[in-house]
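File shown: run-v2.txt (compact mmCIF, C-alpha atoms).
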```txt
# COMPACT_ATOMS: atom_id res chain seq x y z
CA MET A 7 0.00 0.00 0.00
CA SER A 8 2.73 2.47 0.96
CA ASP A 9 4.73 1.68 -2.23
CA GLN A 10 2.04 3.23 -4.40
CA VAL A 11 2.09 6.42 -2.40
CA VAL A 12 5.83 6.89 -2.98
CA THR A 13 5.32 6.93 -6.78
CA ALA A 14 2.92 9.86 -6.54
CA HIS A 15 3.72 12.62 -9.01
CA ASN A 16 3.60 15.84 -7.07
CA GLY A 17 3.85 17.14 -3.52
CA PHE A 18 0.12 17.51 -3.07
CA GLU A 19 -0.57 13.89 -3.88
CA ARG A 20 2.21 12.83 -1.56
CA LEU A 21 0.68 15.00 1.17
CA LEU A 22 -2.72 13.42 0.63
CA GLY A 23 -1.14 10.00 0.79
CA ARG A 24 0.58 10.79 4.03
CA LEU A 25 -2.66 12.10 5.54
CA GLY A 26 -4.46 8.96 4.44
CA ARG A 27 -1.79 6.74 5.93
CA LYS A 28 -1.97 8.63 9.23
CA ALA A 29 -5.76 8.32 9.31
CA LEU A 30 -5.66 4.61 8.53
CA GLY A 31 -2.95 4.19 11.16
CA ALA A 32 -5.08 5.92 13.79
CA VAL A 33 -8.11 3.81 12.94
CA SER A 34 -6.16 0.56 13.01
CA TRP A 35 -4.52 1.64 16.29
CA LEU A 36 -7.96 2.19 17.84
CA GLY A 37 -9.18 -1.10 16.42
CA ASP A 38 -6.21 -2.99 17.80
CA MET A 39 -6.69 -1.37 21.20
CA ALA A 40 -10.37 -2.27 21.21
CA SER A 41 -9.51 -5.84 20.31
CA VAL A 42 -6.79 -6.23 22.99
CA THR A 43 -8.91 -4.51 25.67
CA GLY A 44 -12.07 -6.33 24.65
CA SER A 45 -10.50 -9.77 24.60
CA SER A 46 -8.85 -9.03 27.98
CA LEU A 47 -12.14 -7.89 29.50
CA ALA A 48 -13.89 -10.97 28.15
CA LEU A 49 -11.52 -13.05 30.28
CA ILE A 50 -13.30 -11.73 33.39
CA PHE A 51 -15.80 -14.55 32.77
CA ALA A 52 -13.08 -17.19 32.51
CA PRO A 53 -11.78 -18.72 35.73
CA PRO A 54 -9.28 -18.98 37.34
CA TRP A 55 -9.73 -15.41 38.50
CA GLN A 56 -6.68 -13.35 39.30
CA GLY A 57 -8.08 -12.00 42.57
CA ARG A 58 -4.69 -11.75 44.18
CA HIS A 59 -3.25 -9.74 41.30
CA PHE A 60 -6.29 -7.51 41.35
CA VAL A 61 -5.79 -6.73 45.05
CA LEU A 62 -2.09 -6.03 44.47
CA GLN A 63 -2.95 -3.67 41.60
CA LEU A 64 -5.63 -1.93 43.64
CA TYR A 65 -2.95 -1.39 46.27
CA ALA A 66 -0.32 -0.10 43.85
CA LEU A 67 -2.63 2.03 41.68
CA GLY A 68 -5.38 3.04 44.08
CA VAL A 69 -3.86 3.30 47.54
CA GLY A 70 -0.59 4.55 46.03
CA SER A 71 -2.37 7.44 44.30
CA PHE A 72 -4.24 8.55 47.41
CA VAL A 73 -1.70 11.09 48.65
CA ILE A 74 -1.36 12.93 45.36
CA ILE A 75 -5.15 12.90 44.91
CA ALA A 76 -5.61 14.32 48.41
CA ILE A 77 -3.06 17.11 47.81
CA THR A 78 -4.54 17.97 44.41
CA GLY A 79 -8.06 17.96 45.85
CA ALA A 80 -7.15 20.20 48.76
CA PHE A 81 -5.46 22.83 46.62
CA THR A 82 -8.18 22.71 43.97
CA GLY A 83 -10.84 23.39 46.59
CA MET A 84 -8.77 26.16 48.13
CA VAL A 85 -8.06 28.01 44.89
CA LEU A 86 -11.66 27.64 43.68
CA SER A 87 -12.89 29.17 46.90
CA LEU A 88 -10.41 32.04 46.63
CA GLN A 89 -11.12 32.77 42.96
CA GLY A 90 -14.85 32.32 43.33
CA TYR A 91 -14.98 34.63 46.32
CA TYR A 92 -13.46 37.60 44.52
CA THR A 93 -15.66 37.10 41.47
CA LEU A 94 -18.87 36.65 43.47
CA ALA A 95 -18.04 39.49 45.86
CA LYS A 96 -18.26 41.91 42.92
CA PHE A 97 -21.97 41.08 42.70
CA GLY A 98 -22.46 40.84 46.42
CA SER A 99 -23.39 37.18 46.18
CA GLU A 100 -20.65 35.55 48.26
CA SER A 101 -23.33 33.32 49.74
CA LEU A 102 -23.30 31.33 46.49
CA LEU A 103 -19.65 30.39 47.03
CA GLY A 104 -20.50 27.01 48.57
CA SER A 105 -22.59 25.87 45.63
CA ALA A 106 -20.11 27.23 43.08
CA VAL A 107 -17.21 25.33 44.66
CA ALA A 108 -19.25 22.15 45.18
CA LEU A 109 -20.68 22.00 41.66
CA SER A 110 -17.37 22.70 39.93
CA ILE A 111 -15.57 20.08 41.98
CA ILE A 112 -18.24 17.39 41.81
CA ARG A 113 -19.20 17.77 38.16
CA GLU A 114 -15.89 18.63 36.54
CA LEU A 115 -12.70 19.08 38.47
CA GLY A 116 -12.88 16.04 40.72
CA PRO A 117 -13.22 13.47 37.93
CA VAL A 118 -10.95 15.28 35.44
CA LEU A 119 -8.09 16.27 37.74
CA GLY A 120 -8.34 12.95 39.57
CA ALA A 121 -8.06 11.07 36.28
CA LEU A 122 -5.16 13.24 35.08
CA MET A 123 -3.31 12.54 38.33
CA LEU A 124 -4.04 8.82 37.96
CA VAL A 125 -2.71 8.82 34.40
CA GLY A 126 0.44 10.63 35.48
CA ARG A 127 1.17 8.57 38.52
CA ALA A 128 -0.35 5.13 37.94
CA GLY A 129 -0.84 5.07 34.17
CA SER A 130 2.78 5.76 33.35
CA SER A 131 3.92 3.04 35.74
CA ILE A 132 1.48 0.55 34.20
CA THR A 133 2.85 1.22 30.71
CA ALA A 134 6.48 1.15 31.81
CA GLU A 135 5.96 -2.08 33.76
CA ILE A 136 4.22 -3.93 30.95
CA GLY A 137 6.66 -2.51 28.40
CA ILE A 138 9.62 -3.84 30.37
CA MET A 139 7.88 -7.20 30.70
CA ARG A 140 7.73 -7.16 26.90
CA VAL A 141 11.44 -6.25 26.60
CA THR A 142 12.55 -8.89 29.07
CA GLU A 143 10.25 -11.45 27.43
CA GLN A 144 8.31 -12.04 30.62
CA LEU A 145 5.05 -11.88 28.68
CA ASP A 146 6.29 -14.68 26.42
CA ALA A 147 7.46 -16.62 29.47
CA LEU A 148 3.98 -16.40 30.97
CA GLN A 149 2.52 -17.69 27.74
CA MET A 150 5.01 -20.58 27.77
CA MET A 151 3.72 -21.53 31.22
CA ALA A 152 0.17 -21.53 29.82
CA VAL A 153 -0.70 -18.35 31.70
CA ASN A 154 -2.60 -15.88 29.54
CA PRO A 155 -0.81 -12.53 29.98
CA GLN A 156 -4.03 -10.72 29.14
CA ALA A 157 -5.78 -12.38 32.07
CA ARG A 158 -2.83 -12.10 34.44
CA ILE A 159 -1.41 -8.68 33.54
CA ILE A 160 -3.92 -6.56 31.60
CA LEU A 161 -7.31 -7.46 33.08
CA PRO A 162 -6.46 -6.87 36.79
CA ARG A 163 -5.01 -3.46 35.95
CA ILE A 164 -8.03 -2.29 33.92
CA VAL A 165 -10.44 -3.48 36.61
CA ALA A 166 -8.28 -1.91 39.33
CA THR A 167 -8.19 1.57 37.73
CA THR A 168 -11.90 1.39 36.90
CA ILE A 169 -12.79 0.62 40.51
CA ALA A 170 -10.12 2.79 42.14
CA LEU A 171 -10.89 6.04 40.30
CA PRO A 172 -14.49 6.55 41.51
CA LEU A 173 -13.30 5.88 45.06
CA LEU A 174 -10.38 8.29 44.68
CA VAL A 175 -12.58 10.92 43.05
CA SER A 176 -15.07 10.75 45.92
CA MET A 177 -12.21 11.31 48.36
CA PHE A 178 -10.93 14.15 46.13
CA ASP A 179 -14.40 15.75 46.22
CA ILE A 180 -14.73 15.62 49.98
CA ILE A 181 -11.20 16.85 50.64
CA GLY A 182 -11.70 19.63 48.07
CA LEU A 183 -14.99 20.71 49.65
CA ALA A 184 -13.46 20.69 53.12
CA ALA A 185 -10.50 22.77 51.91
CA GLY A 186 -12.83 25.15 50.08
CA TYR A 187 -14.84 25.51 53.28
CA VAL A 188 -11.76 26.35 55.31
CA VAL A 189 -10.65 29.05 52.85
CA GLY A 190 -14.15 30.43 52.25
CA VAL A 191 -15.46 30.42 55.79
CA GLU A 192 -12.40 30.61 58.03
CA LEU A 193 -10.16 32.86 55.93
CA LEU A 194 -12.51 34.94 53.79
CA GLY A 195 -15.35 35.14 56.28
CA VAL A 196 -18.26 33.79 54.23
CA ASN A 197 -21.18 32.82 56.47
CA ALA A 198 -20.76 29.15 57.41
CA GLY A 199 -24.49 28.43 57.18
CA ALA A 200 -24.74 30.04 53.75
CA PHE A 201 -21.74 28.08 52.49
CA THR A 202 -22.98 24.64 53.52
CA GLY A 203 -26.67 25.45 53.01
CA GLU A 204 -26.19 26.60 49.42
CA MET A 205 -23.91 23.66 48.80
CA ILE A 206 -26.52 21.14 49.97
CA ALA A 207 -29.38 22.94 48.22
CA LYS A 208 -27.67 23.20 44.82
CA VAL A 209 -26.03 19.78 44.55
CA LEU A 210 -28.62 17.43 43.08
CA PRO A 211 -28.39 13.65 42.76
CA GLU A 212 -27.86 14.12 39.00
CA ASP A 213 -24.66 16.07 39.68
CA LEU A 214 -23.32 13.22 41.79
CA TYR A 215 -24.27 10.61 39.18
CA ALA A 216 -22.59 12.72 36.49
CA GLY A 217 -19.38 12.90 38.51
CA TRP A 218 -19.30 9.20 39.33
CA THR A 219 -20.11 8.14 35.78
CA LYS A 220 -17.24 10.29 34.54
CA ALA A 221 -14.91 8.78 37.13
CA LEU A 222 -15.86 5.23 36.09
CA ALA A 223 -15.39 6.03 32.41
CA PHE A 224 -12.05 7.78 32.96
CA GLY A 225 -10.85 4.89 35.14
CA ALA A 226 -11.63 2.41 32.37
CA LEU A 227 -9.99 4.71 29.81
CA VAL A 228 -6.78 5.10 31.83
CA GLY A 229 -6.56 1.36 32.44
CA SER A 230 -7.19 0.28 28.86
CA VAL A 231 -5.02 2.93 27.15
CA CYS A 232 -2.04 2.45 29.46
CA THR A 233 -2.12 -1.37 29.41
CA TYR A 234 -2.55 -1.45 25.64
CA ILE A 235 0.33 0.93 24.91
CA GLY A 236 2.59 -1.00 27.26
CA TYR A 237 1.50 -4.31 25.74
CA ARG A 238 2.32 -3.12 22.22
CA ALA A 239 5.52 -1.27 23.19
CA VAL A 240 8.48 -1.72 20.84
CA PRO A 241 10.71 -4.10 22.82
CA THR A 242 13.70 -1.78 23.20
CA THR A 243 14.76 0.68 25.89
CA GLU A 244 13.76 3.52 23.62
CA GLY A 245 10.48 1.85 22.75
CA VAL A 246 9.46 1.60 26.41
CA ALA A 247 10.43 5.23 27.01
CA ARG A 248 8.37 6.36 24.02
CA ALA A 249 5.44 4.15 25.05
CA THR A 250 5.39 5.66 28.54
CA THR A 251 5.33 9.21 27.18
CA GLN A 252 2.68 8.23 24.66
CA ALA A 253 0.51 6.63 27.34
CA VAL A 254 0.48 9.80 29.44
CA VAL A 255 -0.14 12.08 26.44
CA ILE A 256 -2.85 9.95 24.83
CA GLY A 257 -4.40 9.20 28.22
CA SER A 258 -4.59 12.88 29.23
CA VAL A 259 -5.90 14.09 25.88
CA GLY A 260 -8.37 11.20 25.82
CA ILE A 261 -9.67 12.14 29.27
CA LEU A 262 -10.28 15.74 28.24
CA MET A 263 -12.00 14.72 25.00
CA LEU A 264 -14.15 12.10 26.69
CA ASP A 265 -14.99 14.69 29.37
CA TYR A 266 -16.49 17.01 26.77
CA VAL A 267 -18.52 14.18 25.24
CA LEU A 268 -19.82 12.97 28.62
CA THR A 269 -20.60 16.51 29.81
CA SER A 270 -22.64 17.20 26.68
CA PHE A 271 -24.61 14.03 27.42
CA PHE A 272 -25.31 14.98 31.02
CA LEU A 273 -26.31 18.61 30.54
CA MET B 629 1.94 -14.35 52.66
CA ASN B 630 2.08 -12.10 55.71
CA GLU B 631 3.04 -9.21 53.49
CA TYR B 632 0.08 -9.96 51.23
CA LYS B 633 -2.32 -10.07 54.18
CA LYS B 634 -1.14 -6.62 55.18
CA ILE B 635 -1.67 -5.28 51.66
CA GLU B 636 -5.09 -6.87 51.62
CA MET B 637 -5.97 -5.04 54.83
CA ILE B 638 -4.77 -1.68 53.51
CA VAL B 639 -6.74 -2.20 50.30
CA GLY B 640 -9.77 -3.06 52.41
CA ALA B 641 -9.37 0.17 54.37
CA PHE B 642 -8.99 2.10 51.10
CA VAL B 643 -12.15 0.62 49.62
CA LEU B 644 -14.03 1.23 52.85
CA ALA B 645 -12.90 4.88 52.92
CA GLY B 646 -14.03 5.24 49.31
CA ILE B 647 -17.44 3.74 50.02
CA ILE B 648 -17.87 5.98 53.06
CA SER B 649 -17.01 9.01 50.89
CA ILE B 650 -19.53 7.96 48.25
CA SER B 651 -22.31 7.36 50.75
CA TRP B 652 -21.55 10.60 52.61
CA MET B 653 -21.88 12.54 49.39
CA ALA B 654 -25.03 10.65 48.41
CA VAL B 655 -26.79 11.20 51.72
CA LYS B 656 -25.51 14.62 52.78
CA LEU B 657 -25.11 16.43 49.49
CA GLY B 658 -27.36 14.69 47.00
CA GLN B 659 -29.90 13.68 49.63
CA ILE B 660 -30.42 10.45 47.73
CA GLY B 661 -32.77 8.35 49.81
CA GLY B 662 -32.90 11.19 52.31
CA LEU B 663 -35.04 14.30 52.07
CA GLY B 664 -35.54 13.86 48.33
CA ALA B 665 -37.47 10.64 48.73
CA SER B 666 -39.62 11.53 51.72
CA GLY B 667 -42.37 14.11 51.87
CA TYR B 668 -45.70 14.27 50.11
CA ALA B 669 -46.55 15.62 46.67
CA LEU B 670 -48.88 18.52 45.88
CA ASN B 671 -49.67 19.87 42.43
CA ALA B 672 -50.00 23.49 41.41
CA VAL B 673 -50.84 24.94 38.00
CA PHE B 674 -49.42 28.31 36.94
CA THR B 675 -49.98 30.29 33.75
CA ASP B 676 -46.30 31.29 33.87
CA ALA B 677 -43.70 29.34 35.84
CA GLY B 678 -41.03 31.89 34.96
CA GLY B 679 -38.17 29.47 34.37
CA MET B 680 -38.79 27.25 37.40
CA ARG B 681 -36.76 24.05 37.36
CA ALA B 682 -36.89 20.75 39.21
CA GLY B 683 -34.92 21.14 42.42
CA SER B 684 -36.02 24.71 43.13
CA ASP B 685 -37.00 25.50 46.71
CA VAL B 686 -40.50 25.58 48.13
CA MET B 687 -40.73 28.05 51.00
CA MET B 688 -43.26 28.91 53.63
CA ALA B 689 -42.67 31.99 55.78
CA GLY B 690 -39.14 32.15 54.38
CA VAL B 691 -38.26 28.63 55.47
CA VAL B 692 -37.49 25.86 52.97
CA ILE B 693 -40.18 23.20 53.39
CA GLY B 694 -39.61 21.17 50.24
CA ARG B 695 -38.53 21.27 46.64
CA VAL B 696 -39.99 21.31 43.16
CA ASP B 697 -39.99 17.74 41.90
CA ASN B 698 -41.24 18.12 38.36
CA VAL B 699 -42.22 20.85 35.89
CA VAL B 700 -44.36 20.01 32.83
CA VAL B 701 -46.74 21.77 30.50
CA ASN B 702 -50.26 20.39 30.91
CA GLU B 703 -52.93 19.83 28.23
CA ARG B 704 -54.19 23.41 28.59
CA SER B 705 -50.71 24.85 27.92
CA GLN B 706 -50.15 25.84 31.52
CA ALA B 707 -47.16 24.99 33.71
CA ARG B 708 -47.91 22.15 36.07
CA LEU B 709 -45.54 21.85 39.04
CA THR B 710 -45.25 18.89 41.38
CA LEU B 711 -44.06 20.04 44.80
CA LEU B 712 -42.54 17.68 47.35
CA ILE B 713 -43.44 19.04 50.77
CA ASP B 714 -41.72 17.73 53.90
CA ASP B 715 -43.82 15.43 56.06
CA GLY B 716 -45.22 17.13 59.11
CA ILE B 717 -45.81 20.47 57.32
CA PRO B 718 -49.55 20.67 56.63
CA VAL B 719 -50.79 22.98 53.87
CA THR B 720 -54.33 24.39 54.16
CA SER B 721 -56.71 23.75 51.28
CA ASP B 722 -57.01 27.50 50.57
CA ALA B 723 -53.26 28.13 50.58
CA ILE B 724 -51.78 30.35 47.86
CA ALA B 725 -48.76 29.20 45.85
CA SER B 726 -46.79 31.92 44.09
CA VAL B 727 -43.68 31.96 41.94
CA ARG B 728 -41.20 34.38 43.45
CA THR B 729 -37.66 35.52 42.88
CA LYS B 730 -34.93 35.51 45.48
CA GLY B 731 -31.50 37.01 45.48
CA ILE B 732 -29.93 39.35 43.01
CA ILE B 733 -29.49 36.77 40.25
CA GLY B 734 -33.20 36.09 40.15
CA GLU B 735 -33.41 32.52 41.28
CA ARG B 736 -37.00 31.26 41.28
CA TYR B 737 -38.79 29.58 44.17
CA VAL B 738 -42.35 28.70 45.10
CA ARG B 739 -43.80 30.56 48.06
CA ILE B 740 -46.73 29.01 49.87
CA SER B 741 -48.89 31.27 52.04
CA GLN B 742 -51.25 29.47 54.35
CA GLY B 743 -54.93 30.28 54.34
CA GLY B 744 -57.40 30.14 57.20
CA ASP B 745 -59.15 26.90 56.30
CA ASP B 746 -59.22 24.06 58.81
CA GLU B 747 -59.03 21.49 56.05
CA MET B 748 -55.54 20.31 55.03
CA LEU B 749 -54.40 19.18 51.59
CA GLN B 750 -53.60 15.48 51.19
CA ALA B 751 -50.84 13.96 49.04
CA GLY B 752 -51.70 14.35 45.35
CA ASP B 753 -54.10 17.26 45.90
CA GLU B 754 -53.87 20.47 43.96
CA ILE B 755 -53.28 23.96 45.31
CA GLU B 756 -56.11 25.91 43.70
CA GLU B 757 -54.93 29.46 44.29
CA THR B 758 -51.77 30.30 42.37
CA GLU B 759 -49.92 33.45 41.43
CA SER B 760 -47.68 33.33 38.39
CA ALA B 761 -44.24 34.79 38.05
CA ILE B 762 -44.06 38.54 37.94
CA ASN B 763 -42.55 39.50 34.63
CA ILE B 764 -40.70 42.80 34.93
CA GLU B 765 -40.78 43.49 31.18
CA ASP B 766 -44.57 43.07 31.15
CA LEU B 767 -44.89 45.44 34.10
CA VAL B 768 -42.67 48.03 32.45
CA SER B 769 -44.54 47.89 29.13
CA LYS B 770 -47.88 48.07 30.92
CA TYR B 771 -46.68 51.13 32.78
CA ILE B 772 -45.39 52.83 29.65
CA PHE B 773 -48.56 52.21 27.63
CA SER B 774 -50.98 53.10 30.41
CA SER B 775 -49.20 56.34 31.32
CA GLY B 776 -49.28 57.48 27.71
CA GLU B 777 -53.07 57.67 27.69
```
Please express the file's structure as structure tokens.
Amino acid sequence: MSDQVVTAHNGFERLLGRLGRKALGAVSWLGDMASVTGSSLALIFAPPWQGRHFVLQLYALGVGSFVIIAITGAFTGMVLSLQGYYTLAKFGSESLLGSAVALSIIRELGPVLGALMLVGRAGSSITAEIGIMRVTEQLDALQMMAVNPQARIILPRIVATTIALPLLVSMFDIIGLAAGYVVGVELLGVNAGAFTGEMIAKVLPEDLYAGWTKALAFGALVGSVCTYIGYRAVPTTEGVARATTQAVVIGSVGILMLDYVLTSFFL
Amino acid sequence: MNEYKKIEMIVGAFVLAGIISISWMAVKLGQIGGLGASGYALNAVFTDAGGMRAGSDVMMAGVVIGRVDNVVVNERSQARLTLLIDDGIPVTSDAIASVRTKGIIGERYVRISQGGDDEMLQAGDEIEETESAINIEDLVSKYIFSSGE
């Protein structure tokens, strides 16, 4: 296919050819990812289950990401409260601060920032780990011992990120709200009753469902993108390095794009 | 194995903390299965709901006593609101429901003023007396046209 493109007559045709090749490459990349992820997920119905590996991954990816999620959540809540206060104070409606902070954290910032932190901290390590398993032929060794690497390596990681992210995001939300409360009420002097009252009045069940659905979807996205890129890493030192970078970039961009799509569904 | 048991315990604590966070948010913030589910429903028909949305407050004497559960247009092209009133707050059968605005950004709420009747509305009843939203543009145009005569 690529041979024909090289014989193209002028620059424009060559450009078109290159664009076409890129597009086909992207589509086949997505297709391959769907096939690897799908066939790994299908193994969830096939015993023996890798419960032990799942727990270990939940520990490494979930518990290990807690501290960074907590710090991110606290500072997000604090800065939202600070920024929101000065904007709302111009209109004399500081009492709305609680609902403004709560809705932005629960609907948007909790899931998105939580997922970005997970991709940076846990996603990169997933890709690097699987990539090095590829380089050192551990994946082939597993196969030799009749252990399906998709069941043993990929599936527990996807399930772990999918389950861990909603839990982490909920913790992010609560820490962010508490930090926003401290800044808004203790430092800036917003009425405590107005802050919590508005927060409770304005946050509807739909907002919570929207946030949790996003967290679930982002968790699955992080898990499947990072395992797939590691699984298909070029088995060289450079290949693993490039795969790790790629996993973080594609994961982050994917989260932001998926966020827009999901938000437009929920509004 | 001992090491694994320890990890298992930490993971258990993590999952528990996550579930507590989720349920705290659900009960305290979203009021899922809390206030949202309890209470009794009353209907009220307005000619103009003025942008009322589900979730808006229902107030009596300035105190929140429930929330708007549903806003639809009925067969006579009027706005039909379903109000969820907290249990233990009786509403008289001649009460007046009005669409009001609170705050500077014009957030809508339903105000219920009690009447003098001894009879109380039951769940599913309709509040007969309603006052629609006051539309400032209408008032201004009315004023302009009437003063010109």
Against chain B, which residues of chain A fall within 8 Å? For each one I want the closest pair of atoms and the distance in Å (one decimal), counting all atoms listed in the file, rows by chain and increasing residue number, as a Markdown table.
```
| residue | atom | partner | partner_atom | distance |
| --- | --- | --- | --- | --- |
| A:Val61 | CA | B:Glu636 | CA | 6.6 |
| A:Leu62 | CA | B:Ile635 | CA | 7.2 |
| A:Leu64 | CA | B:Val639 | CA | 6.8 |
| A:Tyr65 | CA | B:Val639 | CA | 5.6 |
| A:Gly68 | CA | B:Phe642 | CA | 7.9 |
| A:Val69 | CA | B:Phe642 | CA | 6.4 |
| A:Ser99 | CA | B:Ile732 | CA | 7.6 |
| A:Pro172 | CA | B:Gly646 | CA | 7.9 |
| A:Leu173 | CA | B:Gly646 | CA | 4.4 |
| A:Leu174 | CA | B:Gly646 | CA | 6.6 |
| A:Ser176 | CA | B:Ser649 | CA | 5.6 |
| A:Met177 | CA | B:Ser649 | CA | 5.9 |
| A:Ile180 | CA | B:Ser649 | CA | 7.1 |
| A:Met205 | CA | B:Leu657 | CA | 7.4 |
| A:Ile206 | CA | B:Leu657 | CA | 4.9 |
| A:Ala207 | CA | B:Leu657 | CA | 7.9 |
| A:Lys208 | CA | B:Gly683 | CA | 7.9 |
| A:Val209 | CA | B:Gly658 | CA | 5.8 |
| A:Leu210 | CA | B:Gly658 | CA | 4.9 |
| A:Pro211 | CA | B:Gly658 | CA | 4.5 |
| A:Asp213 | CA | B:Gly658 | CA | 7.9 |
| A:Leu214 | CA | B:Gly658 | CA | 6.8 |
```
Write out, as a PDB file, in the frame of the given file, the residues just selected, with C-alpha atoms.
```pdb
ATOM      1  CA  VAL A  61      -5.790  -6.730  45.050  1.00  0.00           C
ATOM      2  CA  LEU A  62      -2.090  -6.030  44.470  1.00  0.00           C
ATOM      3  CA  LEU A  64      -5.630  -1.930  43.640  1.00  0.00           C
ATOM      4  CA  TYR A  65      -2.950  -1.390  46.270  1.00  0.00           C
ATOM      5  CA  GLY A  68      -5.380   3.040  44.080  1.00  0.00           C
ATOM      6  CA  VAL A  69      -3.860   3.300  47.540  1.00  0.00           C
ATOM      7  CA  SER A  99     -23.390  37.180  46.180  1.00  0.00           C
ATOM      8  CA  PRO A 172     -14.490   6.550  41.510  1.00  0.00           C
ATOM      9  CA  LEU A 173     -13.300   5.880  45.060  1.00  0.00           C
ATOM     10  CA  LEU A 174     -10.380   8.290  44.680  1.00  0.00           C
ATOM     11  CA  SER A 176     -15.070  10.750  45.920  1.00  0.00           C
ATOM     12  CA  MET A 177     -12.210  11.310  48.360  1.00  0.00           C
ATOM     13  CA  ILE A 180     -14.730  15.620  49.980  1.00  0.00           C
ATOM     14  CA  MET A 205     -23.910  23.660  48.800  1.00  0.00           C
ATOM     15  CA  ILE A 206     -26.520  21.140  49.970  1.00  0.00           C
ATOM     16  CA  ALA A 207     -29.380  22.940  48.220  1.00  0.00           C
ATOM     17  CA  LYS A 208     -27.670  23.200  44.820  1.00  0.00           C
ATOM     18  CA  VAL A 209     -26.030  19.780  44.550  1.00  0.00           C
ATOM     19  CA  LEU A 210     -28.620  17.430  43.080  1.00  0.00           C
ATOM     20  CA  PRO A 211     -28.390  13.650  42.760  1.00  0.00           C
ATOM     21  CA  ASP A 213     -24.660  16.070  39.680  1.00  0.00           C
ATOM     22  CA  LEU A 214     -23.320  13.220  41.790  1.00  0.00           C
TER      23      LEU A 214
END
```
| said: Quick check, in Å to one decimal: how far apart do CA of Pro53 (chain A) and CA of Ala157 (chain A) lie? | reply: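 About the pair CA of Pro53 (chain A) and CA of Ala157 (chain A): they are 9.5 Å apart.
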| query | Which distance in Å separates CA of Ala669 (chain B) and CA of Asp753 (chain B), to one decimal? | reply | 7.8 Å
| task | Would you please work out which residue, of A:Phe178, A:Trp35, A:Phe18, A:Phe97, is nearest to Glu114 (chain A) when using all atoms listed in the file? | result |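 Looking only at the distances to Glu114 (chain A), the closest residue turns out to be A:Phe178.
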| query | Just how far from CA of Ile764 (chain B) is CA of Ser741 (chain B), in Å to one decimal? | reply |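 These atoms are spaced 22.2 Å apart.
Non-sequential neighbours of Leu670 (chain B) (distance at most 8 Å, separation of 3 or more positions within a chain, all atoms listed in the file) are Thr710, Leu711, Leu712, Ile713, Leu749, Gln750, Ala751, Gly752, Asp753, Glu754 and Ile755 of chain B.
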Include C-alpha atoms and write out the residues we just selected as a PDB file, in the frame of the given file.
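What follows is the written file again.pdb:
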```pdb
ATOM      1  CA  THR B 710     -45.250  18.890  41.380  1.00  0.00           C
ATOM      2  CA  LEU B 711     -44.060  20.040  44.800  1.00  0.00           C
ATOM      3  CA  LEU B 712     -42.540  17.680  47.350  1.00  0.00           C
ATOM      4  CA  ILE B 713     -43.440  19.040  50.770  1.00  0.00           C
ATOM      5  CA  LEU B 749     -54.400  19.180  51.590  1.00  0.00           C
ATOM      6  CA  GLN B 750     -53.600  15.480  51.190  1.00  0.00           C
ATOM      7  CA  ALA B 751     -50.840  13.960  49.040  1.00  0.00           C
ATOM      8  CA  GLY B 752     -51.700  14.350  45.350  1.00  0.00           C
ATOM      9  CA  ASP B 753     -54.100  17.260  45.900  1.00  0.00           C
ATOM     10  CA  GLU B 754     -53.870  20.470  43.960  1.00  0.00           C
ATOM     11  CA  ILE B 755     -53.280  23.960  45.310  1.00  0.00           C
TER      12      ILE B 755
END
```
| said: as a list in words, please: the residues near Arg158 (chain A) (cut-off 10 Å, only C-alpha atoms, same-chain neighbours under 3 positions excluded). | reply: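 Close residues of Arg158 (chain A): Ser46, Leu49, Pro54, Trp55, Gln56, Gly57, Arg58, His59, Phe60, Leu145, Leu148, Val153, Asn154, Pro155, Leu161, Pro162 and Arg163 of chain A.
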